[in-house]
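Engineer: I'm passing along model_26.cif; it holds mmCIF, C-alpha atoms.
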```cif
data_work
#
loop_
_atom_site.label_atom_id
_atom_site.label_comp_id
_atom_site.auth_asym_id
_atom_site.auth_seq_id
_atom_site.Cartn_x
_atom_site.Cartn_y
_atom_site.Cartn_z
CA MET A 12 64.19 -26.95 -26.59
CA SER A 13 64.62 -24.40 -29.34
CA ALA A 14 66.56 -21.19 -28.99
CA ILE A 15 64.48 -18.31 -27.77
CA GLN A 16 62.73 -16.61 -30.67
CA THR A 17 61.41 -13.38 -29.21
CA THR A 18 63.34 -10.15 -29.31
CA LEU A 19 63.94 -8.71 -25.88
CA GLY A 20 66.05 -5.66 -26.69
CA VAL A 21 67.79 -3.58 -24.06
CA GLY A 22 66.76 -4.24 -20.47
CA ILE A 23 67.64 -3.36 -16.93
CA GLY A 24 67.46 -5.53 -13.82
CA TRP A 25 64.49 -4.54 -11.66
CA ARG A 26 65.51 -3.69 -8.09
CA PRO A 27 63.30 -2.18 -5.36
CA ASP A 28 65.62 0.86 -5.13
CA ILE A 29 65.13 1.82 -8.78
CA THR A 30 61.58 0.60 -9.36
CA GLY A 31 60.35 4.12 -10.22
CA PHE A 32 63.13 4.60 -12.78
CA VAL A 33 62.50 1.21 -14.40
CA ARG A 34 58.73 1.72 -14.48
CA GLU A 35 59.10 5.05 -16.30
CA LEU A 36 61.34 3.79 -19.13
CA PRO A 37 59.04 4.26 -22.14
CA GLY A 38 60.55 1.65 -24.46
CA LEU A 39 61.39 -1.06 -21.91
CA ARG A 40 60.32 -4.53 -23.02
CA PHE A 41 62.69 -6.61 -20.92
CA THR A 42 63.56 -6.79 -17.23
CA GLU A 43 64.83 -9.31 -14.76
CA VAL A 44 64.08 -9.84 -11.08
CA ILE A 45 66.12 -11.71 -8.47
CA ALA A 46 63.94 -14.79 -8.01
CA GLU A 47 64.66 -15.18 -4.30
CA VAL A 48 63.01 -11.82 -3.49
CA VAL A 49 59.75 -12.61 -5.30
CA ARG A 50 56.74 -13.94 -3.39
CA PRO A 51 54.88 -15.63 -6.25
CA ALA A 52 51.50 -15.04 -4.61
CA HIS A 53 52.28 -11.31 -4.35
CA PRO A 54 54.79 -10.21 -6.99
CA PRO A 55 55.89 -6.55 -6.84
CA ARG A 56 53.14 -4.42 -8.34
CA ASP A 57 55.49 -2.52 -10.66
CA LEU A 58 56.69 -5.80 -12.16
CA LEU A 59 53.12 -6.86 -12.87
CA ALA A 60 52.51 -3.46 -14.47
CA LEU A 61 55.55 -3.94 -16.70
CA ARG A 62 54.27 -7.39 -17.59
CA GLU A 63 50.87 -5.86 -18.47
CA ARG A 64 52.69 -3.48 -20.79
CA GLY A 65 54.12 -6.46 -22.60
CA ALA A 66 57.59 -6.47 -21.06
CA ALA A 67 59.28 -9.83 -20.53
CA VAL A 68 60.09 -10.36 -16.84
CA VAL A 69 62.79 -12.99 -16.31
CA PRO A 70 63.25 -14.51 -12.83
CA HIS A 71 67.00 -14.70 -12.18
CA GLY A 72 67.91 -17.19 -9.46
CA VAL A 73 71.05 -16.78 -7.39
CA LYS A 74 70.80 -19.54 -4.77
CA LEU A 75 69.88 -22.71 -6.60
CA SER A 76 73.48 -24.02 -6.63
CA LEU A 77 73.20 -25.85 -9.96
CA GLY A 78 76.93 -26.61 -9.81
CA GLY A 79 76.81 -28.16 -6.34
CA ALA A 80 77.60 -31.84 -5.87
CA GLU A 81 74.33 -32.14 -3.98
CA PRO A 82 71.04 -32.34 -5.89
CA VAL A 83 69.23 -28.99 -6.21
CA ALA A 84 66.64 -28.42 -3.49
CA PRO A 85 63.18 -29.25 -4.89
CA GLU A 86 61.59 -26.30 -3.06
CA ARG A 87 64.04 -23.89 -4.71
CA VAL A 88 63.21 -25.32 -8.14
CA ALA A 89 59.49 -25.08 -7.33
CA HIS A 90 59.99 -21.44 -6.35
CA LEU A 91 61.65 -20.63 -9.69
CA ALA A 92 58.79 -22.35 -11.49
CA ALA A 93 56.21 -20.43 -9.44
CA CYS A 94 57.97 -17.15 -10.23
CA ALA A 95 57.84 -17.92 -13.95
CA GLU A 96 54.11 -18.70 -13.69
CA ALA A 97 53.33 -15.62 -11.60
CA LEU A 98 55.23 -13.28 -13.92
CA GLY A 99 54.31 -14.92 -17.23
CA SER A 100 58.03 -15.25 -17.94
CA PRO A 101 59.36 -16.49 -21.28
CA LEU A 102 62.34 -18.13 -19.53
CA VAL A 103 64.20 -18.22 -16.21
CA SER A 104 67.92 -17.97 -15.55
CA GLU A 105 70.47 -19.21 -13.02
CA HIS A 106 74.24 -19.63 -12.76
CA VAL A 107 76.94 -22.13 -13.58
CA ALA A 108 78.10 -22.05 -9.98
CA PHE A 109 77.64 -23.48 -6.54
CA VAL A 110 76.70 -21.43 -3.48
CA ARG A 111 76.75 -23.94 -0.64
CA ALA A 112 78.42 -27.19 0.36
CA GLY A 113 78.29 -29.38 3.43
CA GLY A 114 75.52 -27.21 4.87
CA LEU A 115 77.60 -24.01 4.67
CA GLU A 116 76.49 -21.00 2.63
CA ALA A 117 79.29 -19.38 0.64
CA GLY A 118 77.41 -16.07 0.51
CA HIS A 119 78.14 -15.71 -3.20
CA LEU A 120 78.49 -17.59 -6.48
CA LEU A 121 81.56 -19.85 -6.54
CA PRO A 122 83.13 -21.40 -9.64
CA VAL A 123 82.89 -25.12 -10.32
CA PRO A 124 85.94 -27.17 -11.32
CA ARG A 125 86.13 -27.61 -15.09
CA THR A 126 86.15 -31.40 -14.81
CA ARG A 127 84.00 -34.25 -16.06
CA ALA A 128 82.82 -34.84 -12.48
CA ALA A 129 81.54 -31.27 -12.19
CA LEU A 130 79.92 -31.51 -15.63
CA ASP A 131 78.09 -34.64 -14.48
CA ALA A 132 76.78 -32.88 -11.36
CA LEU A 133 75.74 -29.79 -13.35
CA THR A 134 74.07 -31.90 -16.00
CA ALA A 135 72.04 -33.81 -13.42
CA ASN A 136 70.99 -30.63 -11.63
CA ILE A 137 70.05 -28.82 -14.84
CA ARG A 138 67.95 -31.82 -15.90
CA ARG A 139 66.24 -31.96 -12.50
CA THR A 140 65.49 -28.24 -12.74
CA CYS A 141 64.28 -28.23 -16.36
CA ALA A 142 61.96 -31.14 -15.61
CA GLU A 143 60.00 -28.92 -13.22
CA LEU A 144 60.12 -25.59 -15.07
CA PRO A 145 57.26 -24.44 -17.31
CA VAL A 146 59.70 -22.42 -19.49
CA PRO A 147 63.29 -22.79 -20.76
CA LEU A 148 66.31 -22.26 -18.50
CA ALA A 149 69.33 -20.15 -19.37
CA VAL A 150 72.54 -20.56 -17.34
CA GLU A 151 75.12 -17.85 -16.77
CA PRO A 152 78.87 -18.46 -16.55
CA ILE A 153 80.13 -16.41 -13.59
CA ALA A 154 83.00 -14.04 -12.93
CA ALA A 155 85.58 -15.65 -10.67
CA LEU A 156 88.88 -14.38 -9.33
CA PHE A 157 90.36 -17.89 -9.23
CA ASP A 158 90.10 -21.23 -10.98
CA TRP A 159 90.16 -24.75 -9.61
CA PRO A 160 93.36 -26.72 -10.19
CA ASP A 161 93.49 -29.70 -12.55
CA ALA A 162 90.99 -28.44 -15.14
CA GLU A 163 90.11 -31.01 -17.80
CA TYR A 164 88.41 -28.43 -20.10
CA ASP A 165 88.87 -24.78 -20.99
CA GLU A 166 85.83 -22.60 -20.35
CA GLY A 167 84.57 -22.69 -23.93
CA ALA A 168 84.74 -26.48 -24.19
CA PHE A 169 83.19 -26.92 -20.74
CA LEU A 170 80.20 -24.71 -21.53
CA THR A 171 79.77 -26.13 -25.02
CA GLU A 172 79.60 -29.66 -23.66
CA LEU A 173 77.14 -28.56 -20.98
CA VAL A 174 74.86 -27.07 -23.65
CA GLU A 175 75.17 -30.18 -25.82
CA ARG A 176 74.36 -32.50 -22.94
CA THR A 177 71.37 -30.61 -21.55
CA GLY A 178 69.99 -28.38 -24.31
CA VAL A 179 70.16 -25.49 -21.85
CA LEU A 180 70.32 -21.89 -23.08
CA LEU A 181 73.15 -19.51 -22.15
CA LEU A 182 72.97 -16.20 -20.37
CA LEU A 183 76.25 -14.67 -21.47
CA ASP A 184 77.44 -11.98 -19.06
CA VAL A 185 79.79 -9.85 -21.14
CA ALA A 186 81.10 -8.13 -18.00
CA ASN A 187 81.98 -11.53 -16.52
CA VAL A 188 83.80 -12.46 -19.71
CA TYR A 189 85.68 -9.17 -19.48
CA ALA A 190 86.50 -9.57 -15.77
CA ASN A 191 87.74 -13.14 -16.13
CA ALA A 192 89.93 -12.31 -19.12
CA ARG A 193 91.31 -9.14 -17.54
CA ASN A 194 92.22 -10.93 -14.31
CA ARG A 195 93.96 -13.70 -16.25
CA GLY A 196 95.65 -11.58 -18.90
CA GLN A 197 93.61 -13.17 -21.70
CA ASP A 198 91.70 -11.87 -24.73
CA PRO A 199 88.01 -11.67 -23.74
CA ALA A 200 86.66 -11.91 -27.29
CA ALA A 201 88.43 -15.25 -27.79
CA LEU A 202 85.72 -16.94 -25.69
CA PHE A 203 83.05 -15.75 -28.14
CA ASP A 204 84.62 -17.94 -30.82
CA ARG A 205 84.46 -20.99 -28.55
CA LEU A 206 80.79 -20.77 -27.50
CA PRO A 207 77.58 -21.79 -29.30
CA LEU A 208 76.39 -18.18 -29.69
CA GLU A 209 73.10 -19.34 -31.23
CA ARG A 210 72.22 -20.70 -27.77
CA VAL A 211 72.58 -17.30 -26.05
CA ALA A 212 69.15 -16.25 -24.73
CA TYR A 213 70.37 -12.85 -23.58
CA CYS A 214 73.38 -11.02 -22.19
CA HIS A 215 74.24 -9.16 -19.03
CA VAL A 216 76.44 -6.09 -18.75
CA ALA A 217 77.60 -4.40 -15.56
CA GLY A 218 80.37 -2.34 -14.07
CA GLY A 219 83.01 -3.20 -11.52
CA THR A 220 85.95 -1.88 -9.56
CA GLU A 221 89.66 -2.60 -9.50
CA ARG A 222 91.00 -3.38 -6.05
CA ASP A 223 94.58 -4.42 -5.27
CA GLY A 224 95.22 -5.23 -8.91
CA ARG A 225 92.11 -7.39 -9.35
CA TYR A 226 88.93 -6.38 -11.16
CA HIS A 227 85.82 -7.15 -9.09
CA ASP A 228 82.49 -7.38 -10.91
CA THR A 229 80.54 -5.42 -8.27
CA HIS A 230 77.55 -4.20 -10.32
CA ALA A 231 77.98 -0.95 -8.37
CA ALA A 232 79.94 1.15 -10.88
CA PRO A 233 79.46 2.44 -14.42
CA VAL A 234 79.90 -0.05 -17.27
CA PRO A 235 83.49 0.35 -18.54
CA GLY A 236 84.02 1.32 -22.17
CA GLU A 237 85.89 -1.95 -22.68
CA VAL A 238 82.71 -3.89 -21.81
CA LEU A 239 80.66 -1.80 -24.26
CA ASP A 240 83.28 -2.50 -26.94
CA LEU A 241 82.95 -6.19 -26.13
CA VAL A 242 79.16 -5.98 -26.52
CA ALA A 243 79.72 -4.50 -29.98
CA GLU A 244 82.20 -7.24 -30.80
CA LEU A 245 79.77 -9.95 -29.71
CA CYS A 246 76.92 -8.39 -31.71
CA ALA A 247 79.12 -8.24 -34.80
CA ARG A 248 79.48 -12.03 -34.54
CA ARG A 249 75.88 -12.72 -33.59
CA ARG A 250 73.45 -10.32 -31.92
CA PRO A 251 71.76 -11.86 -28.87
CA PRO A 252 67.98 -11.37 -28.39
CA GLY A 253 68.54 -9.07 -25.42
CA VAL A 254 71.18 -7.17 -23.42
CA LEU A 255 70.40 -6.33 -19.80
CA LEU A 256 72.16 -3.92 -17.44
CA GLU A 257 72.68 -5.17 -13.89
CA ARG A 258 73.10 -2.47 -11.27
CA ASP A 259 73.08 -3.48 -7.60
CA GLY A 260 74.09 -0.46 -5.59
CA ARG A 261 75.56 3.06 -5.58
CA TYR A 262 72.74 4.00 -7.96
CA PRO A 263 73.61 7.06 -10.06
CA PRO A 264 71.19 9.87 -10.93
CA ALA A 265 68.49 8.84 -13.42
CA ALA A 266 70.08 10.82 -16.27
CA GLU A 267 73.33 8.86 -15.87
CA LEU A 268 71.52 5.54 -15.82
CA ARG A 269 69.56 6.53 -18.95
CA ALA A 270 72.78 7.51 -20.70
CA GLU A 271 74.27 4.15 -19.77
CA LEU A 272 71.26 2.30 -21.21
CA ASP A 273 71.57 4.36 -24.39
CA ALA A 274 75.26 3.52 -24.67
CA ILE A 275 74.43 -0.17 -24.31
CA ALA A 276 71.72 0.09 -26.99
CA ASP A 277 74.13 1.86 -29.34
CA ALA A 278 76.89 -0.68 -28.75
CA ALA A 279 74.48 -3.57 -29.38
CA GLY A 280 72.82 -1.95 -32.41
CA MET A 281 69.45 -2.10 -30.62
CA GLU A 282 66.72 0.48 -30.16
CA ARG A 283 67.06 2.84 -27.22
CA VAL A 284 64.48 2.28 -24.48
CA THR A 285 64.78 5.65 -22.74
CA MET B 15 67.16 -32.07 -23.64
CA THR B 16 69.45 -34.51 -25.39
CA GLY B 17 68.31 -37.46 -23.31
CA ALA B 18 71.79 -38.98 -23.47
CA ALA B 19 72.68 -41.25 -20.59
CA GLY B 20 75.19 -39.62 -18.29
CA PRO B 21 78.42 -41.35 -17.41
CA ALA B 22 77.64 -41.03 -13.70
CA GLY B 23 77.25 -44.75 -13.04
CA ARG B 24 80.93 -45.27 -13.83
CA ARG B 25 82.07 -42.88 -11.13
CA ALA B 26 79.94 -43.35 -8.06
CA PRO B 27 76.76 -45.11 -7.08
CA ASP B 28 73.68 -43.23 -8.27
CA GLY B 29 71.39 -41.70 -5.73
CA PRO B 30 67.65 -42.00 -6.10
CA ASP B 31 67.54 -39.22 -8.70
CA GLY B 32 70.97 -39.00 -10.23
CA PRO B 33 74.69 -39.20 -9.58
CA PHE B 34 76.28 -38.11 -6.35
CA ASP B 35 80.01 -37.61 -6.32
CA PRO B 36 81.39 -37.64 -2.77
CA ALA B 37 84.83 -36.44 -3.90
CA LEU B 38 83.34 -33.37 -5.61
CA ALA B 39 81.17 -32.70 -2.55
CA ALA B 40 84.18 -32.86 -0.24
CA ALA B 41 86.27 -30.61 -2.49
CA GLN B 42 83.50 -28.01 -2.67
CA GLU B 43 83.01 -28.10 1.09
CA ALA B 44 86.76 -27.62 1.67
CA LEU B 45 86.72 -24.53 -0.55
CA VAL B 46 83.66 -23.05 1.18
CA ARG B 47 85.27 -23.70 4.59
CA ALA B 48 88.43 -21.92 3.44
CA MET B 49 86.45 -18.93 2.17
CA THR B 50 83.98 -18.55 5.03
CA ALA B 51 85.17 -20.41 8.12
CA GLY B 52 88.91 -19.82 8.40
CA ALA B 53 90.02 -23.23 7.08
CA PRO B 54 93.23 -23.43 5.00
CA VAL B 55 92.95 -22.88 1.24
CA PRO B 56 92.97 -26.34 -0.41
CA ASP B 57 96.11 -27.41 -2.29
CA GLY B 58 96.49 -26.29 -5.87
CA PHE B 59 94.50 -23.05 -5.62
CA ASP B 60 95.98 -19.56 -5.94
CA ALA B 61 95.59 -18.76 -2.23
CA ALA B 62 95.90 -14.99 -2.69
CA ALA B 63 93.16 -14.99 -5.33
CA VAL B 64 90.89 -17.15 -3.16
CA ARG B 65 91.42 -14.76 -0.23
CA ALA B 66 90.68 -11.76 -2.47
CA ALA B 67 87.42 -13.42 -3.52
CA ALA B 68 86.54 -14.17 0.12
CA GLU B 69 87.18 -10.52 1.02
CA GLY B 70 84.92 -9.44 -1.84
CA ILE B 71 82.16 -11.66 -0.45
CA LEU B 72 82.62 -10.12 3.01
CA ARG B 73 82.24 -6.61 1.55
CA LYS B 74 79.08 -7.72 -0.23
CA ARG B 75 77.73 -9.30 2.98
CA ALA B 76 78.49 -6.09 4.89
CA GLY B 77 76.41 -4.14 2.37
CA GLU B 78 73.52 -6.58 2.65
CA VAL B 79 73.55 -6.44 6.46
CA ALA B 80 73.67 -2.64 6.30
CA ARG B 81 70.45 -2.73 4.26
CA ALA B 82 68.74 -5.06 6.75
CA TRP B 83 70.12 -3.21 9.81
CA PRO B 84 70.80 0.39 8.73
CA ALA B 85 71.11 1.81 12.26
CA LEU B 86 73.59 -0.90 13.15
CA ALA B 87 75.82 -0.11 10.19
CA ALA B 88 75.46 3.62 10.89
CA SER B 89 76.85 2.98 14.40
CA TYR B 90 80.19 2.29 12.73
CA GLY B 91 80.05 4.91 9.97
CA ALA B 92 82.71 4.43 7.31
CA ASP B 93 84.31 1.69 9.43
CA TRP B 94 81.29 -0.63 9.00
CA PRO B 95 82.64 -2.83 6.17
CA ARG B 96 85.89 -3.40 8.07
CA ALA B 97 84.17 -3.99 11.43
CA PHE B 98 81.68 -6.41 9.93
CA ALA B 99 84.32 -8.24 7.88
CA ALA B 100 86.55 -8.68 10.94
CA TRP B 101 83.69 -10.33 12.81
CA ALA B 102 82.25 -12.28 9.87
CA ALA B 103 85.48 -13.60 8.35
CA GLU B 104 85.12 -17.00 10.02
CA ARG B 105 81.33 -17.07 10.29
CA PRO B 106 79.50 -18.37 7.20
CA THR B 107 76.41 -16.33 6.39
CA ARG B 108 73.04 -17.33 7.78
CA GLY B 109 71.29 -14.59 5.83
CA SER B 110 71.65 -10.84 6.32
CA PHE B 111 68.88 -10.60 8.93
CA ARG B 112 70.53 -13.13 11.25
CA ASP B 113 74.06 -12.02 10.42
CA GLY B 114 73.17 -8.49 11.54
CA TRP B 115 71.38 -9.79 14.61
CA ASP B 116 74.31 -11.99 15.62
CA PHE B 117 76.73 -9.11 15.07
CA ALA B 118 74.58 -6.70 17.12
CA ARG B 119 74.36 -9.18 20.01
CA ALA B 120 78.12 -9.65 19.95
CA HIS B 121 78.69 -5.87 20.07
CA ARG B 122 75.93 -4.64 22.43
CA ASP B 123 78.34 -2.31 24.24
CA GLU B 124 79.39 -0.53 21.04
CA LEU B 125 75.96 0.22 19.60
CA SER B 126 74.59 3.72 19.17
CA PRO B 127 71.31 4.39 21.05
CA GLU B 128 69.40 4.11 17.76
CA ALA B 129 71.02 0.76 16.91
CA ALA B 130 70.39 -0.51 20.45
CA LEU B 131 66.74 0.53 20.12
CA ARG B 132 66.38 -1.30 16.79
CA LEU B 133 67.92 -4.42 18.32
CA ALA B 134 65.54 -4.25 21.30
CA LEU B 135 62.54 -3.76 19.01
CA VAL B 136 63.52 -6.74 16.87
CA GLU B 137 64.03 -8.85 19.98
CA ALA B 138 60.60 -7.81 21.21
CA GLY B 139 59.08 -9.05 17.97
CA TRP B 140 61.05 -12.23 17.39
CA ALA B 141 62.32 -15.11 19.50
CA TYR B 142 65.82 -16.13 18.44
CA ASP B 143 68.14 -18.43 20.35
CA GLY B 144 71.14 -17.60 18.16
CA ASN B 145 70.93 -20.95 16.38
CA GLY B 146 67.58 -21.85 14.85
CA GLU B 147 65.31 -19.75 12.65
CA PRO B 148 63.89 -16.69 14.46
CA ARG B 149 60.21 -17.12 15.30
CA ARG B 150 57.62 -14.38 15.76
CA ARG B 151 56.62 -13.77 19.36
CA ARG B 152 52.96 -13.27 20.16
CA ALA B 153 53.80 -10.78 22.87
CA ALA B 154 56.86 -9.44 24.63
CA VAL B 155 58.09 -6.61 26.83
CA ARG B 156 61.65 -5.38 26.44
CA ARG B 157 63.66 -2.67 28.10
CA VAL B 158 64.89 -0.22 25.47
CA PRO B 159 67.04 2.89 25.87
CA GLY B 160 64.81 5.35 27.70
CA GLY B 161 61.73 3.18 28.07
CA VAL B 162 59.98 -0.10 27.49
CA ALA B 163 58.91 -1.72 24.21
CA VAL B 164 55.65 -3.64 24.29
CA GLN B 165 54.89 -5.98 21.41
CA LEU B 166 51.47 -7.55 20.98
CA LEU B 167 50.47 -9.53 17.87
CA GLY B 168 53.17 -7.90 15.77
CA ARG B 169 52.52 -4.29 16.83
CA VAL B 170 55.33 -2.71 18.82
CA THR B 171 54.74 0.29 21.08
CA VAL B 172 57.51 2.08 22.93
CA LEU B 173 56.41 3.50 26.27
CA GLY B 174 58.26 6.14 28.23
CA ARG B 175 60.27 7.85 25.47
CA GLY B 176 57.60 10.15 24.17
CA THR B 177 57.58 8.35 20.83
CA ARG B 178 55.40 5.60 19.53
CA ARG B 179 56.42 3.10 16.93
#
```
Can I see the file as structure tokens?
Structural biologist:
Amino acid sequence: MSAIQTTLGVGIGWRPDITGFVRELPGLRFTEVIAEVVRPAHPPRDLLALRERGAAVVPHGVKLSLGGAEPVAPERVAHLAACAEALGSPLVSEHVAFVRAGGLEAGHLLPVPRTRAALDALTANIRRTCAELPVPLAVEPIAALFDWPDAEYDEGAFLTELVERTGVLLLLDVANVYANARNRGQDPAALFDRLPLERVAYCHVAGGTERDGRYHDTHAAPVPGEVLDLVAELCARRRPPGVLLERDGRYPPAAELRAELDAIADAAGMERVT
Amino acid sequence: MTGAAGPAGRRAPDGPDGPFDPALAAAQEALVRAMTAGAPVPDGFDAAAVRAAAEGILRKRAGEVARAWPALAASYGADWPRAFAAWAAERPTRGSFRDGWDFARAHRDELSPEAALRLALVEAGWAYDGNGEPRRRRAAVRRVPGGVAVQLLGRVTVLGRGTRR
């Protein structure tokens, strides 16, 4: 699997609530859709129109549970593959996380222990998934408020070994890097030096909210300046093919969202899409 | 793909299509039970941070249920996230549609007329025993506030309120 060659540029996650806004962005060449909401036989019409215009539409799975001890569900993998086919996607993405165990749904992405055992489970699940996908897979390290005890790797070493074992691409969420470092009192940019940046297929950025002394990556607030600075810092080391804004609620007026996309483009040294 | 053989065989017997690690499975289940079903936080974790994460998930679930059941959430106004979280704290999600349905059934006496109507209309359209997947009904008649809802082949009509839906 070679690193993704195409240039995606600045993107924004497609959501039903902002479909009109996304559709009207004149320079948009890159969007992402939550895979679980797509019916491959009937994809949202606006997404197909964007695809017609030449925009890359990346299915982003949130419920595959690649980091679960249990094997990934074949029907969930088949759904991701069908989404990629239906949308003509250049790649699909998922998370380095688990979302269920013992038949219980967590309701969100949970961190995996940074142990050899968890790496083995992730490796097996990523291989099972890639074997069925028509396009490359990128995996996203998540934001987590806590870590498992008894880690055998730091995050950089864990992810690097995962990439080496599986050949998977990375979806680097700069806001997750920021949130994790802020909540642990660490330097966020230090992780950039520990990751194979040439394997980054694209990046996410988003905003969050501080609550009781902890920063929650809610995707429902403006992108903080610190995250934009971090985008610039990443791009100074190695510019990723794309940077995509995730917004999942409390949508601001269109002018504010456009300004945010422009600020992301400027921080990344990419063309504005507004 | 690197194609390198994994070290799984050294740790646990392989399943038909790869390694399965029962210890990892048990540890993950214990964490999910702590975060969604009221079980104690497993040893070694920062319990306050795990609880903060669980509360964040409950706020997110409350927002998702509010989107699936807007009249239900509106019954509680600004108190919705707290009311939902209090009920959901020890109930793992079964998806926002069923979470909202289960909540509405558990709080029938507190619902606004509009939320009660939405619940009755959904119950006229779907059979749901509170456990399995809801199934579409072919036909049903349900009492709703101020009238009767008649559902036939997916079309619901409310009789006796002066409105049709």
Engineer: Can you translate the PyMOL selection byres ((chain B) within 6 of (chain A)) into the concrete residues it hits in this file, as a CSV table (one decimal) with C-alpha atoms, in the frame of the given file?
Structural biologist:
```
chain,number,residue,atom,x,y,z
B,15,MET,CA,67.2,-32.1,-23.6
B,16,THR,CA,69.4,-34.5,-25.4
B,38,LEU,CA,83.3,-33.4,-5.6
B,39,ALA,CA,81.2,-32.7,-2.6
B,42,GLN,CA,83.5,-28.0,-2.7
B,43,GLU,CA,83.0,-28.1,1.1
B,46,VAL,CA,83.7,-23.0,1.2
B,58,GLY,CA,96.5,-26.3,-5.9
B,59,PHE,CA,94.5,-23.0,-5.6
B,63,ALA,CA,93.2,-15.0,-5.3
B,107,THR,CA,76.4,-16.3,6.4
```
Engineer: Measure the distance from CA of Gly52 (chain B) to CA of Glu69 (chain B) in Å and round it to one decimal.
Structural biologist: 12.0 Å
Engineer: Measuring atom to atom with all atoms listed in the file, identify which of B:Arg81, B:Arg47, B:Arg122, B:Arg149 is nearest to Arg65 (chain B).
Structural biologist: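 Nearest to Arg65 (chain B): B:Arg47.
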Engineer: What does the distance from CA of Ala129 (chain B) to CA of Tyr262 (chain A) come to in Å, to one decimal?
Structural biologist: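 Here the two named atoms are 25.1 Å from each other.
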Engineer: So what does the PyMOL selection byres ((chain B and resi 49) around 9) actually pick up in this one, as a list in words?
Structural biologist: Ala117 of chain A; Ala44, Leu45, Val46, Arg47, Ala48, Thr50, Ala51, Gly52, Ala53, Pro54, Val55, Val64, Arg65, Ala67, Ala68, Glu69, Ile71, Ala103, Glu104 and Pro106 of chain B
Engineer: Taking (88.5, -14.2, -26.1) as a centre in this file's frame and 12 Å as the limit, can you find every polymer residue with an atom that close, using only C-alpha atoms, and give them as a list in words?
Structural biologist: Asp165, Glu166, Gly167, Val185, Asn187, Val188, Tyr189, Ala190, Asn191, Ala192, Arg193, Arg195, Gly196, Gln197, Asp198, Pro199, Ala200, Ala201, Leu202, Phe203, Asp204, Arg205, Leu206, Leu241, Glu244 and Leu245 of chain A
Engineer: Can you measure CA of Trp101 (chain B) to CA of Ala66 (chain B) for me? One decimal in Å is fine.
Structural biologist: 16.9 Å
Engineer: Starting from the shown file, work through the PyMOL selection byres ((chain B and resi 128) around 10) and note down what comes out as an MDAnalysis selection string.
Structural biologist: chainID B and resid 84:86 88:89 125:127 129:134 158:159
Engineer: Choose the residue, out of A:Ala217, A:Val88, A:Gly236, A:Asp259, that has the smallest atom-to-atom separation from Arg26 (chain A); count only C-alpha atoms.
Structural biologist: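 The shortest atom-to-atom distance to Arg26 (chain A) comes from A:Asp259.
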